[in-house]
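K.L.:
Sharing final-v4.tsv here; it has TSV, N, CA and C atoms.
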chain	number	residue	atom	x	y	z
A	26	MET	N	12.67	-8.91	-6.29
A	26	MET	CA	11.56	-7.97	-6.24
A	26	MET	C	10.57	-8.37	-5.15
A	27	MET	N	10.11	-9.61	-5.16
A	27	MET	CA	9.11	-10.03	-4.18
A	27	MET	C	9.70	-10.05	-2.77
A	28	GLY	N	10.97	-10.45	-2.66
A	28	GLY	CA	11.60	-10.44	-1.34
A	28	GLY	C	11.67	-9.05	-0.75
A	29	ASN	N	11.96	-8.08	-1.61
A	29	ASN	CA	12.03	-6.68	-1.17
A	29	ASN	C	10.64	-6.20	-0.74
A	30	LEU	N	9.60	-6.61	-1.47
A	30	LEU	CA	8.23	-6.23	-1.11
A	30	LEU	C	7.86	-6.79	0.25
A	31	PHE	N	8.22	-8.03	0.50
A	31	PHE	CA	7.90	-8.64	1.80
A	31	PHE	C	8.65	-7.94	2.93
A	32	LYS	N	9.88	-7.50	2.67
A	32	LYS	CA	10.62	-6.75	3.68
A	32	LYS	C	9.94	-5.42	3.97
A	33	ARG	N	9.43	-4.78	2.92
A	33	ARG	CA	8.74	-3.50	3.10
A	33	ARG	C	7.46	-3.67	3.90
A	34	LEU	N	6.76	-4.78	3.71
A	34	LEU	CA	5.48	-4.97	4.38
A	34	LEU	C	5.64	-5.18	5.89
A	35	LYS	N	6.88	-5.38	6.35
A	35	LYS	CA	7.12	-5.47	7.80
A	35	LYS	C	7.04	-4.10	8.46
A	36	GLU	N	7.17	-3.04	7.66
A	36	GLU	CA	7.09	-1.69	8.21
A	36	GLU	C	5.61	-1.34	8.45
A	37	PRO	N	5.29	-0.70	9.55
A	37	PRO	CA	3.89	-0.40	9.88
A	37	PRO	C	3.16	0.42	8.82
A	38	SER	N	3.82	1.41	8.24
A	38	SER	CA	3.14	2.23	7.24
A	38	SER	C	2.84	1.44	5.97
A	39	SER	N	3.72	0.52	5.61
A	39	SER	CA	3.49	-0.31	4.43
A	39	SER	C	2.34	-1.27	4.66
A	40	ALA	N	2.28	-1.85	5.83
A	40	ALA	CA	1.18	-2.77	6.13
A	40	ALA	C	-0.16	-2.02	6.13
A	41	ALA	N	-0.15	-0.81	6.65
A	41	ALA	CA	-1.38	0.00	6.64
A	41	ALA	C	-1.75	0.39	5.22
A	42	GLY	N	-0.77	0.67	4.39
A	42	GLY	CA	-1.03	0.98	2.99
A	42	GLY	C	-1.64	-0.19	2.25
A	43	LEU	N	-1.12	-1.39	2.51
A	43	LEU	CA	-1.68	-2.58	1.88
A	43	LEU	C	-3.12	-2.81	2.33
A	44	ALA	N	-3.38	-2.59	3.61
A	44	ALA	CA	-4.75	-2.73	4.12
A	44	ALA	C	-5.68	-1.72	3.45
A	45	ALA	N	-5.20	-0.51	3.20
A	45	ALA	CA	-6.01	0.50	2.53
A	45	ALA	C	-6.32	0.10	1.09
A	46	VAL	N	-5.33	-0.45	0.41
A	46	VAL	CA	-5.55	-0.88	-0.98
A	46	VAL	C	-6.58	-2.01	-1.02
A	47	ILE	N	-6.42	-3.00	-0.15
A	47	ILE	CA	-7.34	-4.14	-0.15
A	47	ILE	C	-8.76	-3.71	0.22
A	48	SER	N	-8.89	-2.88	1.25
A	48	SER	CA	-10.23	-2.49	1.68
A	48	SER	C	-10.92	-1.61	0.64
A	49	ASN	N	-10.17	-0.75	-0.03
A	49	ASN	CA	-10.78	0.08	-1.06
A	49	ASN	C	-11.11	-0.71	-2.32
A	50	ALA	N	-10.31	-1.73	-2.63
A	50	ALA	CA	-10.65	-2.60	-3.76
A	50	ALA	C	-11.95	-3.36	-3.45
A	51	ALA	N	-12.07	-3.82	-2.22
A	51	ALA	CA	-13.32	-4.49	-1.82
A	51	ALA	C	-14.49	-3.51	-1.83
A	52	GLY	N	-14.23	-2.28	-1.43
A	52	GLY	CA	-15.27	-1.27	-1.46
A	52	GLY	C	-15.73	-0.97	-2.88
A	53	MET	N	-14.79	-0.93	-3.82
A	53	MET	CA	-15.18	-0.71	-5.22
A	53	MET	C	-16.01	-1.87	-5.73
A	54	ALA	N	-15.65	-3.09	-5.32
A	54	ALA	CA	-16.42	-4.26	-5.75
A	54	ALA	C	-17.83	-4.22	-5.20
A	55	SER	N	-18.02	-3.57	-4.06
A	55	SER	CA	-19.36	-3.52	-3.46
A	55	SER	C	-20.10	-2.23	-3.78
A	56	GLY	N	-19.51	-1.38	-4.64
A	56	GLY	CA	-20.26	-0.23	-5.11
A	56	GLY	C	-19.74	1.14	-4.72
A	57	THR	N	-18.63	1.24	-4.04
A	57	THR	CA	-18.06	2.55	-3.72
A	57	THR	C	-17.63	3.23	-5.02
A	58	PRO	N	-17.96	4.50	-5.19
A	58	PRO	CA	-17.57	5.19	-6.42
A	58	PRO	C	-16.04	5.22	-6.61
A	59	ALA	N	-15.62	5.10	-7.84
A	59	ALA	CA	-14.18	5.11	-8.13
A	59	ALA	C	-13.54	6.43	-7.74
A	60	ALA	N	-14.30	7.52	-7.79
A	60	ALA	CA	-13.75	8.83	-7.42
A	60	ALA	C	-13.33	8.87	-5.96
A	61	VAL	N	-13.87	7.99	-5.15
A	61	VAL	CA	-13.50	7.93	-3.73
A	61	VAL	C	-12.41	6.88	-3.51
A	62	ALA	N	-12.59	5.71	-4.12
A	62	ALA	CA	-11.71	4.58	-3.83
A	62	ALA	C	-10.35	4.68	-4.50
A	63	VAL	N	-10.28	5.15	-5.73
A	63	VAL	CA	-9.01	5.17	-6.45
A	63	VAL	C	-7.97	6.09	-5.79
A	64	PRO	N	-8.31	7.31	-5.41
A	64	PRO	CA	-7.29	8.12	-4.72
A	64	PRO	C	-6.81	7.49	-3.40
A	65	ALA	N	-7.71	6.84	-2.69
A	65	ALA	CA	-7.31	6.17	-1.45
A	65	ALA	C	-6.40	4.98	-1.74
A	66	MET	N	-6.66	4.28	-2.83
A	66	MET	CA	-5.79	3.16	-3.21
A	66	MET	C	-4.41	3.68	-3.62
A	67	LEU	N	-4.37	4.78	-4.33
A	67	LEU	CA	-3.08	5.35	-4.73
A	67	LEU	C	-2.28	5.81	-3.50
A	68	ALA	N	-2.97	6.38	-2.53
A	68	ALA	CA	-2.28	6.77	-1.29
A	68	ALA	C	-1.74	5.54	-0.57
A	69	GLY	N	-2.49	4.44	-0.59
A	69	GLY	CA	-2.02	3.20	0.01
A	69	GLY	C	-0.80	2.65	-0.70
A	70	LEU	N	-0.80	2.70	-2.03
A	70	LEU	CA	0.37	2.24	-2.79
A	70	LEU	C	1.58	3.13	-2.51
A	71	PHE	N	1.34	4.41	-2.37
A	71	PHE	CA	2.43	5.33	-2.03
A	71	PHE	C	3.03	4.96	-0.68
A	72	ALA	N	2.17	4.61	0.28
A	72	ALA	CA	2.66	4.22	1.61
A	72	ALA	C	3.46	2.93	1.56
A	73	ILE	N	3.09	2.03	0.65
A	73	ILE	CA	3.82	0.76	0.56
A	73	ILE	C	5.23	0.98	-0.01
A	74	PHE	N	5.32	1.75	-1.09
A	74	PHE	CA	6.57	1.82	-1.82
A	74	PHE	C	7.50	2.95	-1.41
A	75	MET	N	7.07	3.85	-0.56
A	75	MET	CA	7.98	4.87	-0.05
A	75	MET	C	8.62	4.32	1.23
A	76	PRO	N	9.94	4.34	1.30
A	76	PRO	CA	10.60	3.77	2.47
A	76	PRO	C	10.32	4.58	3.74
A	77	GLU	N	10.10	3.84	4.82
A	77	GLU	CA	9.87	4.49	6.11
A	77	GLU	C	11.20	4.88	6.76
A	78	LYS	N	12.20	4.04	6.53
A	78	LYS	CA	13.52	4.28	7.10
A	78	LYS	C	14.45	4.83	6.03
A	79	ALA	N	15.38	5.63	6.45
A	79	ALA	CA	16.39	6.13	5.50
A	79	ALA	C	17.32	4.99	5.12
A	80	ALA	N	17.67	4.94	3.87
A	80	ALA	CA	18.60	3.89	3.40
A	80	ALA	C	19.98	4.14	3.99
A	81	ALA	N	20.58	3.08	4.46
A	81	ALA	CA	21.91	3.22	5.08
A	81	ALA	C	23.00	2.91	4.10
Represent the supplied structure as structure tokens.

P.N.:
Amino acid sequence: MMGNLFKRLKEPSSAAGLAAVISNAAGMASGTPAAVAVPAMLAGLFAIFMPEKAAA
């Protein structure tokens, strides 16, 4: 599981998704409303776990 996650994070969209999740989590900790941060975090998670390349 973790090895597959690390392979996914090499893809640009997955790395950007992880950055979105981390930055929005930090934003929530500093007072950003959940109505703004949670949908952005979900979009980031979607970017991480959806494959960028077609499976061969």

K.L.:
Using DSSP on the backbone coordinates, identify the residues of chain A assigned to alpha helix (DSSP H); present them as a ChimeraX atom specification.

P.N.:
/A:27-33,37-54,59-74

K.L.:
Quick check, in Å to one decimal: how far apart do CA of Ala44 in chain A and CA of Leu30 in chain A lie?

P.N.:
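Going from CA of Ala44 in chain A over to CA of Leu30 in chain A covers 14.4 Å.
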
K.L.:
Can you measure CA of Gly69 in chain A to atom N of Gly42 in chain A for me? One decimal in Å is fine.

P.N.:
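Atom N of Gly42 in chain A lies at a distance of 5.2 Å from CA of Gly69 in chain A.
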
K.L.:
Would you compute, for all listed atoms of range 57-70 of chain A, the axis-aligned bounding box grown by 3 Å on each side, and then report its centre and edge lengths in Å rounded to one decimal, as JSON?

P.N.:
{"center_x": -8.5, "center_y": 5.1, "center_z": -4.1, "size_x": 26.2, "size_y": 13.6, "size_z": 14.1}

K.L.:
Using only C-alpha atoms, pick whichever of A:Gly56, A:Leu43, A:Arg33, A:Ala51 has the shortest atom-to-atom distance to Ala68 in chain A.

P.N.:
A:Leu43

K.L.:
If you measure from atom N of Ser39 in chain A to atom C of Ile73 in chain A, what distance in Å do you get, rounded to one decimal?

P.N.:
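Spanning atom N of Ser39 in chain A to atom C of Ile73 in chain A is a straight-line distance of 5.8 Å.
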
K.L.:
If you count only C-alpha atoms, which residues fall within 7 Å of Ala62 in chain A, apart from same-chain ones fewer than 5 positions away, as a compact mmCIF listing (two decimals) with N, CA and C atoms, in the frame of the given file?

P.N.:
# COMPACT_ATOMS: atom_id res chain seq x y z
N ASN A 49 -10.17 -0.75 -0.03
CA ASN A 49 -10.78 0.08 -1.06
C ASN A 49 -11.11 -0.71 -2.32
N MET A 53 -14.79 -0.93 -3.82
CA MET A 53 -15.18 -0.71 -5.22
C MET A 53 -16.01 -1.87 -5.73
N THR A 57 -18.63 1.24 -4.04
CA THR A 57 -18.06 2.55 -3.72
C THR A 57 -17.63 3.23 -5.02

K.L.:
My list of candidates is A:Met66, A:Ser48, A:Phe74, A:Ala59. Which is closest to Asn29 in chain A when distances are computed with only C-alpha atoms?

P.N.:
A:Phe74
